[in-house]
Amino acid sequence: MVRFVNVTKIYPGQTKPSLHGINLEIDRGEFVFIVGPSGAGKSTLTRLIYREELPTSGQVWVGGINVAKLKRSQVPYFRRTLGVVFQDFKLLPDRTVFENVAFALEVTDASRREILRRVPAALELVGMREKANQRAVELSGGEQQRVAVARAIVRNPALLIADEPTGNLDPENAWQIMRILLNINQMGTTVIVATHAREMVDALRKRVVALENGTIVRDEERGVYGYA
Amino acid sequence: MLRSWARALRQAVQSITRSGLMSLASLATVSVSLLVLAVVACLAVNLNLMAQELESQLEIRAFLRDGVDPAAQQALIEQVQALEGVRSVTFISKEEGLEIMRERLGEQRWILEGLEENPLPDSLQIELADPHQVVAVAEKVAAFPQVEKVRYGQGIAERLLAVTRAIRIAGLGMVLLLMVATVFTLANTIRLAVEARRREIAIMKLVGATDWFIRRPFVMAGILLGTMGAAVAAGLVYMGYRYLVRFLVTNLPFVPVASPAELMQPLGSGLLALGALLGMIGSWISLRRYLQV
């Protein structure tokens, strides 16, 4: 599903690579935690997957596509095959819950009928269906993140990427989000979560890829967070 | 496709009405710049008309040698007629020439009564299809052996043509300049709208919106603002021009003016199309930077 081949990423104006010599393979249907201290390169790794960034050298393959080879005009169509969840939710505050989720379908020129069919289903999955008509700005952080997850999955992506999805949430809401992500994974979606939520990583015993200073220092099935 | 444009239109109307005062301000600015543009265009059209009027008065007189036989005269007329840039050739015999002179002199025609014989030569009056070729045609005509002398207002004709050319270039230059100014006014207004929705644009890109999807509502808003501004400008200029023409026709009847109806139909539709086009270009420019994500 996702394959990094000798990937190095150096941001413009910097000398030290944010990622260096990354080789990584994630199969269809996996659930993977990317862990590591701040600045280890977790976010950069996720950004390379959804082509917010391009590798300085090496190749990033997603679903059989070499993302560096995508033309600018193809990027939107590529992104539609993914779902992405961010630490800061990235919702449109003055729109309703329903509109925020429908947004992801609208950009694909989906019909009104399809929107009316898929949005409630996605909201149901994250338990936000009753609040469909509230504006995003009126929601708690946990609720906002659930809406963001609904938006990420409303198109049934084969791959879901979450960059610190629980970073702004209290433990209870964090667990709720994590359960939703696990649930989505169980339905067949590949899920990649960059996080430093140690307790959850340790409790769930999923595959853990640990980054330090831009390189992979550990990659274990049923791993733990492993940092003090 | 139709659905997405309909959605873009809805969003454009929304964004224009939502920022009501701002939209009103930009509408006013667009109207004013298009109004100035239209005024300059009216001026340019009329100056051009005047220039044409002046140019159309340019003609060539070719005086023939004495004793050219009728066959050679006829041949000459045909040859001149065939020259490039010539509209018509009229033969004026010496008798006709004298008659014309007599008429022109009017009361003073007694001057001619002392003449024992007609001193005037036969001549050709050559009207031009293209006034700019006056010198070239005159030179060619002068080269015919039957022709003694050519007159076309040497010196004056060249100066006149230089002036009319300057008038046209100046008019065109001002119109272009104002068009650019209008584009930037619109671009600025729309940039503010884009600025306000930067976050939304970034999110759109992340969820896989194409550039066109993001651009459409703004382009639509630009077109709407441009067209509305143009409509206001066209209305004002029509009223103003009608008033001015009425004034000119009664007070300066010898000045050629384009009639309001004749001028306003192309100018009005031209302004509307131009407003729409400039609005489109303006929003395009203001968005370019934000789409580079």
# chains A, B, ... in the order shown; residues from 1 in each chain; ligands from 1
$ residues_around --residues "range 84-86 of chain B" --least-positions-apart "2" --cutoff "6 Å" --atoms "only C-alpha atoms" --output "ChimeraX atom specification"
/B:88,128-130
$ residues_around --residues "Arg135 in chain A" --least-positions-apart "3" --cutoff "12 Å" --atoms "only C-alpha atoms" --output "list in words"
Leu91, Leu92, Pro93, Asp94, Arg95, Thr96, Val97, Phe98, Glu99, Asn100, Val101, Lys131, Ala132, Glu138, Leu139, Ser140, Glu143, Gln144 and Val147 of chain A
$ write_last_selection --atoms "all heavy atoms" --output "compact mmCIF listing (two decimals), in the first residue's frame"
# COMPACT_ATOMS: atom_id res chain seq x y z
N LEU A 91 -11.16 21.97 10.20
CA LEU A 91 -12.56 22.08 9.78
C LEU A 91 -12.84 23.54 9.39
O LEU A 91 -12.07 24.43 9.73
CB LEU A 91 -13.49 21.67 10.92
CG LEU A 91 -13.39 20.23 11.41
CD1 LEU A 91 -14.35 20.01 12.56
CD2 LEU A 91 -13.67 19.24 10.29
N LEU A 92 -13.94 23.72 8.69
CA LEU A 92 -14.37 25.08 8.38
C LEU A 92 -15.31 25.52 9.49
O LEU A 92 -16.43 25.00 9.60
CB LEU A 92 -15.08 25.12 7.03
CG LEU A 92 -14.19 24.67 5.87
CD1 LEU A 92 -15.00 24.52 4.60
CD2 LEU A 92 -13.06 25.65 5.67
N PRO A 93 -14.88 26.45 10.34
CA PRO A 93 -15.60 26.73 11.59
C PRO A 93 -17.03 27.23 11.39
O PRO A 93 -17.89 26.91 12.19
CB PRO A 93 -14.73 27.80 12.27
CG PRO A 93 -13.82 28.33 11.21
CD PRO A 93 -13.67 27.26 10.18
N ASP A 94 -17.27 27.99 10.32
CA ASP A 94 -18.61 28.57 10.18
C ASP A 94 -19.57 27.66 9.42
O ASP A 94 -20.69 28.04 9.13
CB ASP A 94 -18.53 29.95 9.52
CG ASP A 94 -17.88 29.87 8.15
OD1 ASP A 94 -17.10 28.92 7.93
OD2 ASP A 94 -18.15 30.74 7.31
N ARG A 95 -19.10 26.46 9.10
CA ARG A 95 -20.01 25.52 8.42
C ARG A 95 -20.51 24.48 9.42
O ARG A 95 -19.87 24.23 10.43
CB ARG A 95 -19.28 24.79 7.28
CG ARG A 95 -18.56 25.71 6.32
CD ARG A 95 -19.44 26.09 5.16
NE ARG A 95 -18.68 26.89 4.21
CZ ARG A 95 -18.24 26.42 3.05
NH1 ARG A 95 -18.46 25.18 2.69
NH2 ARG A 95 -17.57 27.21 2.24
N THR A 96 -21.60 23.86 9.05
CA THR A 96 -22.15 22.84 9.93
C THR A 96 -21.33 21.55 9.80
O THR A 96 -20.51 21.41 8.90
CB THR A 96 -23.60 22.49 9.58
OG1 THR A 96 -23.61 21.88 8.29
CG2 THR A 96 -24.48 23.73 9.56
N VAL A 97 -21.59 20.65 10.75
CA VAL A 97 -20.95 19.34 10.73
C VAL A 97 -21.22 18.65 9.38
O VAL A 97 -20.30 18.14 8.73
CB VAL A 97 -21.49 18.49 11.89
CG1 VAL A 97 -21.13 17.03 11.73
CG2 VAL A 97 -20.98 19.04 13.22
N PHE A 98 -22.47 18.67 9.00
CA PHE A 98 -22.84 18.03 7.74
C PHE A 98 -22.08 18.64 6.57
O PHE A 98 -21.49 17.95 5.74
CB PHE A 98 -24.35 18.18 7.51
CG PHE A 98 -24.85 17.44 6.29
CD1 PHE A 98 -25.39 16.17 6.42
CD2 PHE A 98 -24.78 18.01 5.03
CE1 PHE A 98 -25.84 15.48 5.29
CE2 PHE A 98 -25.22 17.34 3.91
CZ PHE A 98 -25.75 16.06 4.04
N GLU A 99 -22.03 19.97 6.52
CA GLU A 99 -21.37 20.65 5.41
C GLU A 99 -19.88 20.35 5.36
O GLU A 99 -19.29 20.20 4.29
CB GLU A 99 -21.58 22.17 5.52
CG GLU A 99 -22.98 22.61 5.13
CD GLU A 99 -23.30 24.03 5.55
OE1 GLU A 99 -22.55 24.60 6.39
OE2 GLU A 99 -24.29 24.57 5.07
N ASN A 100 -19.28 20.25 6.55
CA ASN A 100 -17.85 19.96 6.60
C ASN A 100 -17.54 18.60 5.99
O ASN A 100 -16.54 18.44 5.30
CB ASN A 100 -17.35 20.02 8.04
CG ASN A 100 -16.76 21.37 8.37
OD1 ASN A 100 -15.67 21.71 7.92
ND2 ASN A 100 -17.50 22.16 9.13
N VAL A 101 -18.39 17.64 6.27
CA VAL A 101 -18.15 16.30 5.73
C VAL A 101 -18.52 16.26 4.24
O VAL A 101 -17.81 15.67 3.43
CB VAL A 101 -18.93 15.24 6.53
CG1 VAL A 101 -18.72 13.85 5.95
CG2 VAL A 101 -18.49 15.27 7.99
N LYS A 131 -25.55 15.62 15.74
CA LYS A 131 -25.09 17.02 15.75
C LYS A 131 -24.83 17.54 14.34
O LYS A 131 -24.13 18.54 14.16
CB LYS A 131 -23.80 17.12 16.58
CG LYS A 131 -24.02 16.65 18.01
CD LYS A 131 -23.13 17.38 18.98
CE LYS A 131 -23.57 17.09 20.41
NZ LYS A 131 -22.62 17.58 21.40
N ALA A 132 -25.40 16.88 13.35
CA ALA A 132 -25.11 17.20 11.96
C ALA A 132 -25.35 18.67 11.63
O ALA A 132 -24.66 19.24 10.78
CB ALA A 132 -25.95 16.32 11.03
N GLU A 138 -18.99 25.33 17.34
CA GLU A 138 -19.71 25.09 18.60
C GLU A 138 -19.34 23.76 19.24
O GLU A 138 -19.80 23.45 20.32
CB GLU A 138 -21.23 25.11 18.33
CG GLU A 138 -21.74 26.44 17.83
CD GLU A 138 -23.11 26.33 17.17
OE1 GLU A 138 -23.64 25.21 17.08
OE2 GLU A 138 -23.62 27.38 16.75
N LEU A 139 -18.50 22.98 18.56
CA LEU A 139 -18.21 21.63 19.05
C LEU A 139 -17.00 21.62 19.96
O LEU A 139 -16.14 22.50 19.88
CB LEU A 139 -17.95 20.69 17.87
CG LEU A 139 -19.03 20.56 16.80
CD1 LEU A 139 -18.52 19.68 15.68
CD2 LEU A 139 -20.32 20.01 17.39
N SER A 140 -16.92 20.58 20.81
CA SER A 140 -15.70 20.37 21.62
C SER A 140 -14.61 19.84 20.70
O SER A 140 -14.88 19.41 19.57
CB SER A 140 -15.99 19.38 22.73
OG SER A 140 -16.11 18.07 22.17
N GLU A 143 -15.18 16.31 19.56
CA GLU A 143 -16.24 16.23 18.54
C GLU A 143 -15.73 16.72 17.19
O GLU A 143 -16.04 16.15 16.14
CB GLU A 143 -17.45 17.06 18.99
CG GLU A 143 -18.21 16.42 20.13
CD GLU A 143 -19.29 17.34 20.70
OE1 GLU A 143 -19.10 18.58 20.68
OE2 GLU A 143 -20.30 16.82 21.18
N GLN A 144 -14.94 17.78 17.23
CA GLN A 144 -14.39 18.30 15.97
C GLN A 144 -13.53 17.26 15.30
O GLN A 144 -13.59 17.06 14.08
CB GLN A 144 -13.56 19.57 16.23
CG GLN A 144 -14.42 20.76 16.59
CD GLN A 144 -13.62 22.07 16.53
OE1 GLN A 144 -12.85 22.29 15.62
NE2 GLN A 144 -13.83 22.91 17.52
N VAL A 147 -15.58 14.71 13.60
CA VAL A 147 -16.09 15.20 12.31
C VAL A 147 -14.99 15.12 11.25
O VAL A 147 -15.22 14.73 10.10
CB VAL A 147 -16.61 16.65 12.45
CG1 VAL A 147 -17.00 17.20 11.09
CG2 VAL A 147 -17.77 16.70 13.41
$ residues_around --residues "Pro165 in chain A" --least-positions-apart "4" --cutoff "10 Å" --atoms "only C-alpha atoms" --output "list in words"
Val84, Val85, Phe86, Gln87, Asp88, Phe89, Gly142, Gln145, Arg146, Ala148, Val149, Ile161, Leu169, Ala174, Ile177, Met178, Leu181, Val193, Ala194, Thr195, His196 and Ala197 of chain A
$ write_last_selection --atoms "C-alpha atoms" --output "compact mmCIF listing (two decimals), in the first residue's frame"
# COMPACT_ATOMS: atom_id res chain seq x y z
CA VAL A 84 -6.15 12.58 6.09
CA VAL A 85 -6.73 13.63 9.70
CA PHE A 86 -4.75 16.44 11.34
CA GLN A 87 -3.89 17.46 14.85
CA ASP A 88 -5.71 20.79 14.42
CA PHE A 89 -8.77 19.17 12.74
CA GLY A 142 -13.08 15.67 20.52
CA GLN A 145 -11.86 15.56 15.50
CA ARG A 146 -14.63 13.01 15.03
CA ALA A 148 -12.65 15.44 10.73
CA VAL A 149 -12.40 11.65 10.76
CA ILE A 161 -3.33 8.93 7.42
CA LEU A 169 -7.43 16.01 23.04
CA ALA A 174 -8.26 10.59 22.54
CA ILE A 177 -10.83 8.78 18.36
CA MET A 178 -8.43 5.85 18.54
CA LEU A 181 -9.61 4.56 13.84
CA VAL A 193 -1.09 7.12 12.77
CA ALA A 194 1.78 9.40 13.69
CA THR A 195 1.58 9.99 17.41
CA HIS A 196 3.34 10.37 20.69
CA ALA A 197 0.44 9.11 22.74
$ atom_distance --atom1 "CA of Glu221 in chain A" --atom2 "CA of Val62 in chain A"
21.0 Å
$ closest_atom_pairs --of "range 50-153 of chain A" --to "range 213-220 of chain B" --cutoff "9 Å" --atoms "only C-alpha atoms" --output "Markdown table"
| residue | atom | partner | partner_atom | distance |
| --- | --- | --- | --- | --- |
| A:Val107 | CA | B:Phe213 | CA | 6.7 |
| A:Thr108 | CA | B:Phe213 | CA | 8.8 |
| A:Asp109 | CA | B:Phe213 | CA | 8.9 |
$ interface_residues --of "chain B" --to "chain A" --cutoff "10 Å" --atoms "only C-alpha atoms" --output "JSON, numbers by chain"
{"B": [1, 3, 4, 7, 197, 199, 200, 202, 203, 204, 205, 206, 207, 208, 209, 210, 211, 212, 213, 214, 292, 293]}
$ residues_around --residues "Leu160 in chain B" --least-positions-apart "6" --cutoff "9 Å" --atoms "only C-alpha atoms" --output "list in words"
Ala51, Leu54 and Glu55 of chain B
$ residues_around --residues "Leu45 in chain A" --least-positions-apart "3" --cutoff "10 Å" --atoms "only C-alpha atoms" --output "PyMOL selection string"
chain A and resi 4+7-9+18-19+22+34+40-42+48-51+53+55+60+163+194+211+214
$ write_last_selection --atoms "C-alpha atoms" --output "JSON list (two decimals), in the first residue's frame"
[["chain", "number", "residue", "atom", "x", "y", "z"],
["A", 4, "PHE", "CA", 9.35, 4.23, 0.95],
["A", 7, "VAL", "CA", 13.77, 8.36, 1.00],
["A", 8, "THR", "CA", 15.57, 11.47, 2.11],
["A", 9, "LYS", "CA", 13.85, 14.78, 2.70],
["A", 18, "SER", "CA", 14.34, 15.77, 8.23],
["A", 19, "LEU", "CA", 14.25, 12.19, 6.97],
["A", 22, "ILE", "CA", 13.94, 5.72, 4.96],
["A", 34, "ILE", "CA", 4.72, 6.08, 13.65],
["A", 40, "ALA", "CA", 12.02, 13.10, 14.60],
["A", 41, "GLY", "CA", 10.32, 13.36, 11.19],
["A", 42, "LYS", "CA", 6.89, 11.82, 11.86],
["A", 48, "LEU", "CA", 5.27, 12.70, 1.96],
["A", 49, "ILE", "CA", 2.50, 10.12, 1.74],
["A", 50, "TYR", "CA", -0.25, 12.56, 0.87],
["A", 51, "ARG", "CA", 2.12, 14.54, -1.31],
["A", 53, "GLU", "CA", 5.88, 17.35, 0.29],
["A", 55, "PRO", "CA", 11.11, 13.58, -1.37],
["A", 60, "VAL", "CA", 7.48, 7.19, -2.23],
["A", 163, "ASP", "CA", -0.93, 13.08, 11.97],
["A", 194, "ALA", "CA", 1.78, 9.40, 13.69],
["A", 211, "LEU", "CA", 11.84, 7.46, 14.17],
["A", 214, "GLY", "CA", 15.05, 11.30, 10.69]]
$ closest_residue --among "B:Leu161, B:Pro70, B:Thr250, B:Ile111" --to "Ser56 in chain B" --atoms "only C-alpha atoms"
B:Leu161
$ select_by_dssp --residues "range 85-290 of chain B" --states "helix (DSSP H, G or I)" --output "PyMOL selection string"
chain B and resi 94-114+131-142+156-196+198-206+211-251+260-290
$ atom_distance --atom1 "CA of Gln154 in chain B" --atom2 "CA of Ile77 in chain B"
22.1 Å
